[in-house]
Every structure is written in C-alpha cells, then in structure tokens.
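Data from structure-v1.pdb: PDB, C-alpha atoms
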ATOM      1  CA  MET O  84      12.088 -25.037  -9.105
ATOM      2  CA  ARG O  85      13.308 -26.468  -5.830
ATOM      3  CA  GLY O  86      11.876 -24.719  -2.826
ATOM      4  CA  LYS O  87      14.179 -22.480  -0.800
ATOM      5  CA  PRO O  88      12.029 -21.313   2.104
ATOM      6  CA  TRP O  89      15.078 -19.930   3.897
ATOM      7  CA  LEU O  90      15.168 -17.110   1.332
ATOM      8  CA  VAL O  91      11.651 -16.041   2.250
ATOM      9  CA  ILE O  92      12.301 -16.480   5.968
ATOM     10  CA  GLY O  93      15.476 -14.415   5.699
ATOM     11  CA  LEU O  94      13.649 -11.624   3.898
ATOM     12  CA  ALA O  95      10.915 -11.634   6.545
ATOM     13  CA  VAL O  96      13.560 -11.419   9.288
ATOM     14  CA  VAL O  97      15.164  -8.447   7.527
ATOM     15  CA  ALA O  98      11.752  -6.759   7.335
ATOM     16  CA  VAL O  99      11.189  -7.246  11.062
ATOM     17  CA  GLY O 100      14.702  -5.916  11.669
ATOM     18  CA  LEU O 101      13.912  -2.738   9.732
ATOM     19  CA  ILE O 102      10.876  -2.134  11.920
ATOM     20  CA  LEU O 103      12.887  -2.701  15.106
ATOM     21  CA  VAL O 104      15.735  -0.439  14.016
ATOM     22  CA  SER O 105      13.320   2.292  12.957
ATOM     23  CA  GLU O 106      11.634   2.263  16.364
ATOM     24  CA  LEU O 107      14.696   1.816  18.568
ATOM     25  CA  ALA O 108      17.197   3.977  16.688
ATOM     26  CA  PHE O 109      15.019   6.922  15.634
ATOM     27  CA  ASP O 110      12.789   9.197  17.660
ATOM     28  CA  TRP O 111      10.250  10.412  15.134
ATOM     29  CA  GLY O 112       8.288  12.285  17.782
ATOM     30  CA  SER O 113      11.120  14.759  18.324
ATOM     31  CA  TRP O 114      11.577  15.071  14.556
ATOM     32  CA  TRP O 115       7.948  16.096  14.045
ATOM     33  CA  LEU O 116       8.311  18.603  16.886
ATOM     34  CA  GLY O 117      11.189  20.257  15.052
ATOM     35  CA  GLU O 118      13.938  19.057  17.381
ATOM     36  CA  GLY O 119      15.953  17.547  14.559
ATOM     37  CA  ALA O 120      16.056  14.202  12.806
ATOM     38  CA  PHE O 121      18.948  12.891  14.862
ATOM     39  CA  PRO O 122      18.987   9.174  15.616
ATOM     40  CA  ARG O 123      17.877   8.332  19.126
ATOM     41  CA  ALA O 124      21.138   6.477  19.724
ATOM     42  CA  VAL O 125      23.108   9.697  19.113
ATOM     43  CA  ARG O 126      21.033  11.714  21.568
ATOM     44  CA  THR O 127      20.738   9.073  24.283
ATOM     45  CA  GLY O 128      24.140   7.426  23.950
ATOM     46  CA  GLY O 129      22.941   4.030  22.741
ATOM     47  CA  LEU O 130      19.980   1.810  21.969
ATOM     48  CA  ARG O 131      17.609   1.195  24.857
ATOM     49  CA  LEU O 132      14.387  -0.767  25.191
ATOM     50  CA  GLY O 133      12.356   1.171  27.707
ATOM     51  CA  ALA O 134       8.642   1.506  28.280
ATOM     52  CA  GLY O 135       8.311   4.039  25.470
ATOM     53  CA  GLU O 136      10.146   1.879  22.972
ATOM     54  CA  ALA O 137       8.170  -1.220  23.985
ATOM     55  CA  GLY O 138       4.949   0.722  23.528
ATOM     56  CA  GLY O 139       6.118   1.842  20.101
ATOM     57  CA  LEU O 140       6.829  -1.737  19.068
ATOM     58  CA  GLY O 141       3.384  -2.755  20.291
ATOM     59  CA  LEU O 142       1.888   0.029  18.205
ATOM     60  CA  HIS O 143       3.741  -1.238  15.135
ATOM     61  CA  LEU O 144       2.353  -4.719  15.743
ATOM     62  CA  ALA O 145      -1.185  -3.383  16.131
ATOM     63  CA  ARG O 146      -0.887  -1.370  12.913
ATOM     64  CA  LEU O 147       0.453  -4.340  10.988
ATOM     65  CA  ILE O 148      -2.314  -6.633  12.233
ATOM     66  CA  GLY O 149      -4.928  -3.989  11.462
ATOM     67  CA  GLN O 150      -3.655  -3.504   7.923
ATOM     68  CA  TYR O 151      -3.574  -7.259   7.400
ATOM     69  CA  LEU O 152      -7.161  -7.741   8.572
ATOM     70  CA  VAL O 153      -8.433  -4.900   6.386
ATOM     71  CA  GLY O 154      -6.627  -6.422   3.424
ATOM     72  CA  VAL O 155      -8.135  -9.839   4.134
ATOM     73  CA  LEU O 156     -11.593  -8.263   4.004
ATOM     74  CA  VAL O 157     -10.754  -6.831   0.582
ATOM     75  CA  LEU O 158      -9.512 -10.239  -0.617
ATOM     76  CA  PHE O 159     -12.736 -11.946   0.405
ATOM     77  CA  ALA O 160     -14.929  -9.115  -0.910
ATOM     78  CA  ALA O 161     -13.323  -8.940  -4.365
ATOM     79  CA  PRO O 162     -11.063 -11.954  -5.035
ATOM     80  CA  ARG O 163     -11.252 -11.847  -8.837
ATOM     81  CA  PRO O 164     -10.487  -8.113  -9.204
ATOM     82  CA  VAL O 165      -7.580  -8.457  -6.774
ATOM     83  CA  ARG O 166      -6.261 -11.407  -8.802
ATOM     84  CA  ARG O 167      -6.464  -9.442 -12.066
ATOM     85  CA  MET O 168      -4.665  -6.472 -10.567
ATOM     86  CA  ALA O 169      -1.987  -8.671  -8.989
ATOM     87  CA  ASP O 170      -1.334 -10.456 -12.292
ATOM     88  CA  LEU O 171      -0.722  -7.119 -14.005
ATOM     89  CA  LEU O 172       1.413  -5.753 -11.183
ATOM     90  CA  GLU O 173       3.702  -8.778 -11.235
ATOM     91  CA  ARG O 174       4.741  -7.872 -14.768
ATOM     92  CA  GLY O 175       6.570  -4.875 -13.292
ATOM     93  CA  GLY O 176       8.704  -2.592 -15.443
ATOM     94  CA  ARG O 177       6.997   0.041 -17.550
ATOM     95  CA  LEU O 178       3.575  -1.149 -16.466
ATOM     96  CA  MET O 179       4.329  -0.184 -12.867
ATOM     97  CA  LEU O 180       5.522   3.240 -13.999
ATOM     98  CA  ARG O 181       2.332   3.620 -16.008
ATOM     99  CA  PHE O 182       0.186   2.803 -12.979
ATOM    100  CA  LEU O 183       2.232   5.216 -10.866
ATOM    101  CA  ALA O 184       1.693   8.016 -13.380
ATOM    102  CA  ILE O 185      -2.037   7.275 -13.622
ATOM    103  CA  GLY O 186      -2.383   7.304  -9.842
ATOM    104  CA  LEU O 187      -0.606  10.635  -9.468
ATOM    105  CA  LEU O 188      -2.671  12.125 -12.298
ATOM    106  CA  VAL O 189      -5.920  10.945 -10.702
ATOM    107  CA  ALA O 190      -4.868  12.498  -7.388
ATOM    108  CA  VAL O 191      -4.151  15.825  -9.081
ATOM    109  CA  LEU O 192      -7.435  15.770 -11.011
ATOM    110  CA  LEU O 193      -9.484  14.920  -7.923
ATOM    111  CA  ALA O 194      -7.732  17.683  -5.996
ATOM    112  CA  ALA O 195      -8.553  20.167  -8.761
ATOM    113  CA  VAL O 196     -12.194  19.055  -8.846
ATOM    114  CA  GLY O 197     -12.356  19.277  -5.066
ATOM    115  CA  VAL O 198     -11.012  22.828  -5.016
ATOM    116  CA  ALA O 199     -13.446  23.878  -7.746
ATOM    117  CA  ALA O 200     -16.355  22.224  -5.933
ATOM    118  CA  ALA O 201     -15.464  23.923  -2.646
ATOM    119  CA  LEU O 202     -16.046  27.311  -4.272
ATOM    120  CA  SER O 203     -19.749  26.596  -4.751
ATOM    121  CA  MET O 204     -22.272  26.265  -1.951
ATOM    122  CA  HIS O 205     -24.175  23.528  -3.806
ATOM    123  CA  THR O 206     -21.111  21.296  -4.246
ATOM    124  CA  PHE O 207     -19.242  22.218  -1.063
ATOM    125  CA  PRO O 208     -19.525  18.694   0.476
ATOM    126  CA  LEU O 209     -18.083  17.107  -2.691
ATOM    127  CA  PRO O 210     -14.389  17.380  -1.640
ATOM    128  CA  PHE O 211     -15.065  15.190   1.402
ATOM    129  CA  LEU O 212     -16.764  12.620  -0.825
ATOM    130  CA  LEU O 213     -13.842  12.680  -3.250
ATOM    131  CA  VAL O 214     -11.389  12.045  -0.415
ATOM    132  CA  GLY O 215     -13.429   9.016   0.626
ATOM    133  CA  VAL O 216     -13.625   7.706  -2.936
ATOM    134  CA  PHE O 217      -9.887   8.162  -3.441
ATOM    135  CA  PHE O 218      -9.184   6.349  -0.178
ATOM    136  CA  LEU O 219     -11.365   3.365  -1.131
ATOM    137  CA  ILE O 220      -9.801   3.135  -4.593
ATOM    138  CA  ALA O 221      -6.308   3.310  -3.124
ATOM    139  CA  LEU O 222      -7.215   0.699  -0.509
ATOM    140  CA  GLY O 223      -8.365  -1.770  -3.151
ATOM    141  CA  GLY O 224      -5.327  -1.160  -5.325
ATOM    142  CA  ALA O 225      -2.949  -1.392  -2.376
ATOM    143  CA  ALA O 226      -4.475  -4.770  -1.528
ATOM    144  CA  GLY O 227      -3.681  -5.973  -5.040
ATOM    145  CA  LEU O 228      -0.137  -4.615  -4.807
ATOM    146  CA  THR O 229       0.418  -6.215  -1.400
ATOM    147  CA  TYR O 230      -0.863  -9.579  -2.584
ATOM    148  CA  ALA O 231       1.254  -9.400  -5.744
ATOM    149  CA  LEU O 232       4.387  -8.587  -3.730
ATOM    150  CA  GLY O 233       3.842 -11.458  -1.315
ATOM    151  CA  ARG O 234       2.989 -13.948  -4.050
ATOM    152  CA  ALA O 235       6.014 -12.953  -6.132
ATOM    153  CA  THR O 236       8.271 -13.268  -3.080
ATOM    154  CA  LEU O 237       6.998 -16.768  -2.317
ATOM    155  CA  ARG O 238       7.544 -17.785  -5.933
ATOM    156  CA  TRP O 239      11.046 -16.322  -5.780
ATOM    157  CA  GLY O 240      11.712 -18.648  -2.863
ATOM    158  CA  GLY O 241      10.283 -21.592  -4.779
ATOM    159  CA  LEU O 242       7.145 -21.745  -2.626
ATOM    160  CA  THR O 243       4.163 -22.081  -4.930
ATOM    161  CA  ASP O 244       0.534 -23.056  -4.345
ATOM    162  CA  ARG O 245       0.499 -21.312  -0.988
ATOM    163  CA  SER O 246      -2.515 -19.743   0.684
ATOM    164  CA  PRO O 247      -3.456 -16.262  -0.596
ATOM    165  CA  LEU O 248      -3.644 -15.206   3.047
ATOM    166  CA  LEU O 249       0.014 -16.139   3.503
ATOM    167  CA  SER O 250       0.956 -14.256   0.343
ATOM    168  CA  TYR O 251      -0.919 -11.197   1.521
ATOM    169  CA  GLY O 252       0.565 -11.403   5.010
ATOM    170  CA  LEU O 253       4.107 -11.557   3.663
ATOM    171  CA  GLY O 254       3.456  -8.682   1.281
ATOM    172  CA  ALA O 255       1.953  -6.612   4.092
ATOM    173  CA  LEU O 256       5.023  -7.218   6.267
ATOM    174  CA  LEU O 257       7.434  -6.221   3.492
ATOM    175  CA  LEU O 258       5.549  -3.072   2.521
ATOM    176  CA  TYR O 259       5.102  -2.007   6.131
ATOM    177  CA  ALA O 260       8.799  -2.512   6.820
ATOM    178  CA  LEU O 261       9.763  -0.416   3.790
ATOM    179  CA  SER O 262       7.379   2.320   4.917
ATOM    180  CA  GLN O 263       9.293   2.530   8.214
ATOM    181  CA  VAL O 264      12.689   3.201   6.623
ATOM    182  CA  PRO O 265      13.786   6.679   7.767
ATOM    183  CA  PHE O 266      13.092   9.395   5.180
ATOM    184  CA  LEU O 267      12.350   6.773   2.490
ATOM    185  CA  GLY O 268       9.135   5.531   4.094
ATOM    186  CA  PRO O 269       6.855   8.404   2.993
ATOM    187  CA  LEU O 270       8.021   7.970  -0.605
ATOM    188  CA  VAL O 271       7.266   4.241  -0.417
ATOM    189  CA  LEU O 272       3.754   4.963   0.841
ATOM    190  CA  LEU O 273       3.181   7.585  -1.851
ATOM    191  CA  ALA O 274       4.351   5.199  -4.564
ATOM    192  CA  ALA O 275       2.313   2.269  -3.204
ATOM    193  CA  TRP O 276      -0.911   4.250  -2.951
ATOM    194  CA  SER O 277      -0.380   5.883  -6.356
ATOM    195  CA  ILE O 278       0.303   2.536  -8.020
ATOM    196  CA  GLY O 279      -2.755   1.128  -6.268
ATOM    197  CA  VAL O 280      -4.988   3.887  -7.596
ATOM    198  CA  GLY O 281      -3.431   3.553 -11.036
ATOM    199  CA  VAL O 282      -4.028  -0.187 -11.345
ATOM    200  CA  VAL O 283      -7.639   0.152 -10.161
ATOM    201  CA  ILE O 284      -8.352   2.838 -12.756
ATOM    202  CA  ALA O 285      -6.435   1.051 -15.538
ATOM    203  CA  THR O 286      -8.365  -2.187 -14.963
ATOM    204  CA  ARG O 287     -11.697  -0.425 -14.391
ATOM    205  CA  PHE O 288     -11.918  -1.483 -10.761
ATOM    206  CA  GLY O 289     -10.354  -4.847 -11.474
ATOM    207  CA  SER O 290     -12.955  -5.881 -14.052
ATOM    208  CA  GLY O 291     -10.470  -5.925 -16.925
ATOM    209  CA  LYS O 292     -12.974  -4.112 -19.136
ATOM    210  CA  PRO O 293     -12.113  -0.892 -21.002
ATOM    211  CA  TRP O 294     -13.548   2.490 -20.111
ATOM    212  CA  THR O 295     -16.157   3.302 -22.745
ATOM    213  CA  LEU O 296     -19.373   5.248 -23.278
ATOM    214  CA  ALA O 297     -20.670   2.716 -25.793
ATOM    215  CA  PRO O 298     -23.531   1.523 -23.527
ATOM    216  CA  LEU O 299     -25.002   5.032 -23.697
ATOM    217  CA  VAL O 300     -25.507   4.817 -27.456
ATOM    218  CA  GLU O 301     -26.217   1.112 -27.888
ATOM    219  CA  GLU O 302     -29.648   0.114 -29.069
ATOM    220  CA  VAL O 303     -31.653  -1.559 -26.328
ATOM    221  CA  SER O 304     -34.081  -4.225 -27.470
ATOM    222  CA  ALA O 305     -37.578  -4.016 -26.059
TER     223      ALA O 305
END

Output the file's structure in the form of structure tokens.
Amino acid sequence: MRGKPWLVIGLAVVAVGLILVSELAFDWGSWWLGEGAFPRAVRTGGLRLGAGEAGGLGLHLARLIGQYLVGVLVLFAAPRPVRRMADLLERGGRLMLRFLAIGLLVAVLLAAVGVAAALSMHTFPLPFLLVGVFFLIALGGAAGLTYALGRATLRWGGLTDRSPLLSYGLGALLLYALSQVPFLGPLVLLAAWSIGVGVVIATRFGSGKPWTLAPLVEEVSA
C-alpha cells in the first residue's frame, strides 16, 4: 500500500483541534460548580485566549506528556504482553464488545468485594488494595489499547514499520482528544478503561494463557 502520511497528519491536526476547542469554547469549571454547561463563547461573547485559557492549554500539554511517559514505561516493562493485547484489540468488532463487558463486570465484582470487605475489621484495608489493583490492570490494558489505536492509524495511512513509540504517541493523542469532547469524553474514558481491564483479564495479563486451576492438582515430580 502506498504511504499517505497526510491522512495521519490530518487526523492528528483534528485531534489537536478538538483539544483547543474544548479548552477555548467550554468552561468546565463553571459546569462543575453548577453554573450550567453553557459554552464559554456564549457567556463571554466570543473565543478569547487569555491567561486562564493559556494555562489550561499548558495543563493539557502536561497531562498528555505525562500520560505518554507513563505509557512508555509500560511498553518497556512489558513489551510482549502489550503486543499480544494490541494484536487482539486490532481485530475490533465483537471482541472489543467482549472486552468491554468483561471490564465492566470486573469493576462491579471488585466493588462488591470491596463493600463486603469494608464490613469486617480484619479486611477493612482490602478496598484500598482493590482500587490499586484495578488501576494497575486498567493502566496496562489502556497502554495496549493506545498502542493498538496508534499502530492501526499508521497502517491506515500506509505507514508501516514505524517506531512503537510513535504508534503509542499517536494513539495517546487521539484518545486524549476524544476524552476532551464535551459530554462524550467521560464515556470514552469509561469505555477505554473497561476495554483495557477486559483485555488484560481475557489474556491473563497479556500472557495469552488460559485461566486454570490445573497446576494445583498436577503431579509434581520429586
């Protein structure tokens, strides 16, 4: 396939545009304070780039860089598991829905276990541990999803054999931009984290091995 890098560049520009529009056109601070979800342009009479808006854009940049660096650490720490998860995620379709359902189910089960554990003095700290475990699982799965998205986008543009760091960076930009879309962003984050948890559980932490209790009953030679 002949390379068409302009497709990838155009998509990246659109992603940056979404972030800019979200920051300049919407005042999420007033929305959280209960002052209404009106666009900033409606309340102020137009788009303006003041000190507050510039600071908000700087915060977006810092968040994006931070997420990218954390993801790079995951890539270097577990390259093979991330590759296995990304290969499965690129199949899309029903498999993605399956991972989404698994992730949501795991969240519900962990929440139920956490509530039950909080009722006992001996297991009271367990909910905090479960939150940490869920976060780490979601982080690993989200890294696989981000890498898969970036790699698939580069292939769509005919750019193959590119650095995994570039693939991850592009995927991080696209996901972050989608998470900033007004009202849709929280749903994107929920879906991404749920799919991430689902693919980690379905692949047994990226090992590709099935969940089984067979080792508990296998004969061990002396």

Restricting the calculation to all atoms listed in the file: of O:Leu212, O:Ala200, O:Leu258, O:Leu232, which residue gets closest to Leu272 in chain O?
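The shortest atom-to-atom distance to Leu272 in chain O comes from O:Leu258.
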
Contacts of Phe218 in chain O within 10 Å, all atoms listed in the file, excl. fewer than 6 positions in-chain, as an MDAnalysis selection string
chainID O and resid 212 224 276 280

Near Met179 in chain O, counting all atoms listed in the file, which residues have an atom at most 12 Å away, once you skip same-chain residues fewer than 2 positions from it, shown as a PDB file with C-alpha atoms, in the frame of the given file?
ATOM      1  CA  MET O 168      -4.665  -6.472 -10.567  1.00  0.00           C
ATOM      2  CA  ALA O 169      -1.987  -8.671  -8.989  1.00  0.00           C
ATOM      3  CA  ASP O 170      -1.334 -10.456 -12.292  1.00  0.00           C
ATOM      4  CA  LEU O 171      -0.722  -7.119 -14.005  1.00  0.00           C
ATOM      5  CA  LEU O 172       1.413  -5.753 -11.183  1.00  0.00           C
ATOM      6  CA  GLU O 173       3.702  -8.778 -11.235  1.00  0.00           C
ATOM      7  CA  ARG O 174       4.741  -7.872 -14.768  1.00  0.00           C
ATOM      8  CA  GLY O 175       6.570  -4.875 -13.292  1.00  0.00           C
ATOM      9  CA  GLY O 176       8.704  -2.592 -15.443  1.00  0.00           C
ATOM     10  CA  ARG O 177       6.997   0.041 -17.550  1.00  0.00           C
ATOM     11  CA  ARG O 181       2.332   3.620 -16.008  1.00  0.00           C
ATOM     12  CA  PHE O 182       0.186   2.803 -12.979  1.00  0.00           C
ATOM     13  CA  LEU O 183       2.232   5.216 -10.866  1.00  0.00           C
ATOM     14  CA  ALA O 184       1.693   8.016 -13.380  1.00  0.00           C
ATOM     15  CA  ILE O 185      -2.037   7.275 -13.622  1.00  0.00           C
ATOM     16  CA  GLY O 186      -2.383   7.304  -9.842  1.00  0.00           C
ATOM     17  CA  LEU O 228      -0.137  -4.615  -4.807  1.00  0.00           C
ATOM     18  CA  ALA O 274       4.351   5.199  -4.564  1.00  0.00           C
ATOM     19  CA  ALA O 275       2.313   2.269  -3.204  1.00  0.00           C
ATOM     20  CA  SER O 277      -0.380   5.883  -6.356  1.00  0.00           C
ATOM     21  CA  ILE O 278       0.303   2.536  -8.020  1.00  0.00           C
ATOM     22  CA  GLY O 279      -2.755   1.128  -6.268  1.00  0.00           C
ATOM     23  CA  VAL O 280      -4.988   3.887  -7.596  1.00  0.00           C
ATOM     24  CA  GLY O 281      -3.431   3.553 -11.036  1.00  0.00           C
ATOM     25  CA  VAL O 282      -4.028  -0.187 -11.345  1.00  0.00           C
ATOM     26  CA  ALA O 285      -6.435   1.051 -15.538  1.00  0.00           C
TER      27      ALA O 285
END

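With the shown file loaded, the PyMOL selection byres ((chain O and resi 151-161) around 9) picks out Arg146, Leu147, Ile148, Gly149, Gln150, Pro162, Arg163, Pro164, Val165, Arg166, Leu222, Gly223, Ala225, Ala226, Gly227, Thr229, Tyr230, Pro247, Leu248, Tyr251, Gly252, Ala255, Leu256 and Gly289 of chain O.
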
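Counting all atoms listed in the file and comparing O:Met204, O:Leu237, O:Leu180, O:Ala194, the residue that lies closest to Phe217 in chain O is O:Ala194.
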
Measuring atom to atom with all atoms listed in the file, identify which of O:Gly268, O:Gly93, O:Gly215, O:Gly233 is nearest to Arg245 in chain O.
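Closest residue, counting all atoms listed in the file: O:Gly233.
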
Distance of CA of Val91 in chain O from CA of Leu242 in chain O, expressed in Å to one decimal place
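Those two atoms sit 8.8 Å apart.
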
Point-to-point distance in Å for CA of Ile92 in chain O and CA of Glu106 in chain O
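Those two atoms sit 21.4 Å apart.
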
Write out as JSON, numbers by chain which residues come within 10 Å of Ala199 in chain O when counting all atoms listed in the file, dropping same-chain ones fewer than 6 positions away.
{"O": [193, 206, 207, 209, 210]}

Closest to Leu107 in chain O among O:Leu90, O:Leu140, O:Ile284, O:Leu188, using only C-alpha atoms?
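Looking only at the distances to Leu107 in chain O, the closest residue turns out to be O:Leu140.
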
If you apply the PyMOL selection byres ((chain O and resi 262-265) around 10) to this file, what residues do you get, as a PDB file with C-alpha atoms, in the coordinates of the input?
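Saved the output as out-v7.pdb:
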ATOM      1  CA  ALA O  98      11.752  -6.759   7.335  1.00  0.00           C
ATOM      2  CA  LEU O 101      13.912  -2.738   9.732  1.00  0.00           C
ATOM      3  CA  ILE O 102      10.876  -2.134  11.920  1.00  0.00           C
ATOM      4  CA  LEU O 103      12.887  -2.701  15.106  1.00  0.00           C
ATOM      5  CA  VAL O 104      15.735  -0.439  14.016  1.00  0.00           C
ATOM      6  CA  SER O 105      13.320   2.292  12.957  1.00  0.00           C
ATOM      7  CA  GLU O 106      11.634   2.263  16.364  1.00  0.00           C
ATOM      8  CA  ALA O 108      17.197   3.977  16.688  1.00  0.00           C
ATOM      9  CA  PHE O 109      15.019   6.922  15.634  1.00  0.00           C
ATOM     10  CA  TRP O 111      10.250  10.412  15.134  1.00  0.00           C
ATOM     11  CA  ALA O 120      16.056  14.202  12.806  1.00  0.00           C
ATOM     12  CA  PRO O 122      18.987   9.174  15.616  1.00  0.00           C
ATOM     13  CA  HIS O 143       3.741  -1.238  15.135  1.00  0.00           C
ATOM     14  CA  LEU O 256       5.023  -7.218   6.267  1.00  0.00           C
ATOM     15  CA  LEU O 257       7.434  -6.221   3.492  1.00  0.00           C
ATOM     16  CA  LEU O 258       5.549  -3.072   2.521  1.00  0.00           C
ATOM     17  CA  TYR O 259       5.102  -2.007   6.131  1.00  0.00           C
ATOM     18  CA  ALA O 260       8.799  -2.512   6.820  1.00  0.00           C
ATOM     19  CA  LEU O 261       9.763  -0.416   3.790  1.00  0.00           C
ATOM     20  CA  PHE O 266      13.092   9.395   5.180  1.00  0.00           C
ATOM     21  CA  LEU O 267      12.350   6.773   2.490  1.00  0.00           C
ATOM     22  CA  GLY O 268       9.135   5.531   4.094  1.00  0.00           C
ATOM     23  CA  PRO O 269       6.855   8.404   2.993  1.00  0.00           C
ATOM     24  CA  LEU O 270       8.021   7.970  -0.605  1.00  0.00           C
ATOM     25  CA  VAL O 271       7.266   4.241  -0.417  1.00  0.00           C
ATOM     26  CA  LEU O 272       3.754   4.963   0.841  1.00  0.00           C
ATOM     27  CA  LEU O 273       3.181   7.585  -1.851  1.00  0.00           C
ATOM     28  CA  ALA O 275       2.313   2.269  -3.204  1.00  0.00           C
TER      29      ALA O 275
END

Atomic distance CA of Ala231 in chain O - CA of Trp294 in chain O, expressed in Å with one decimal:
23.8 Å
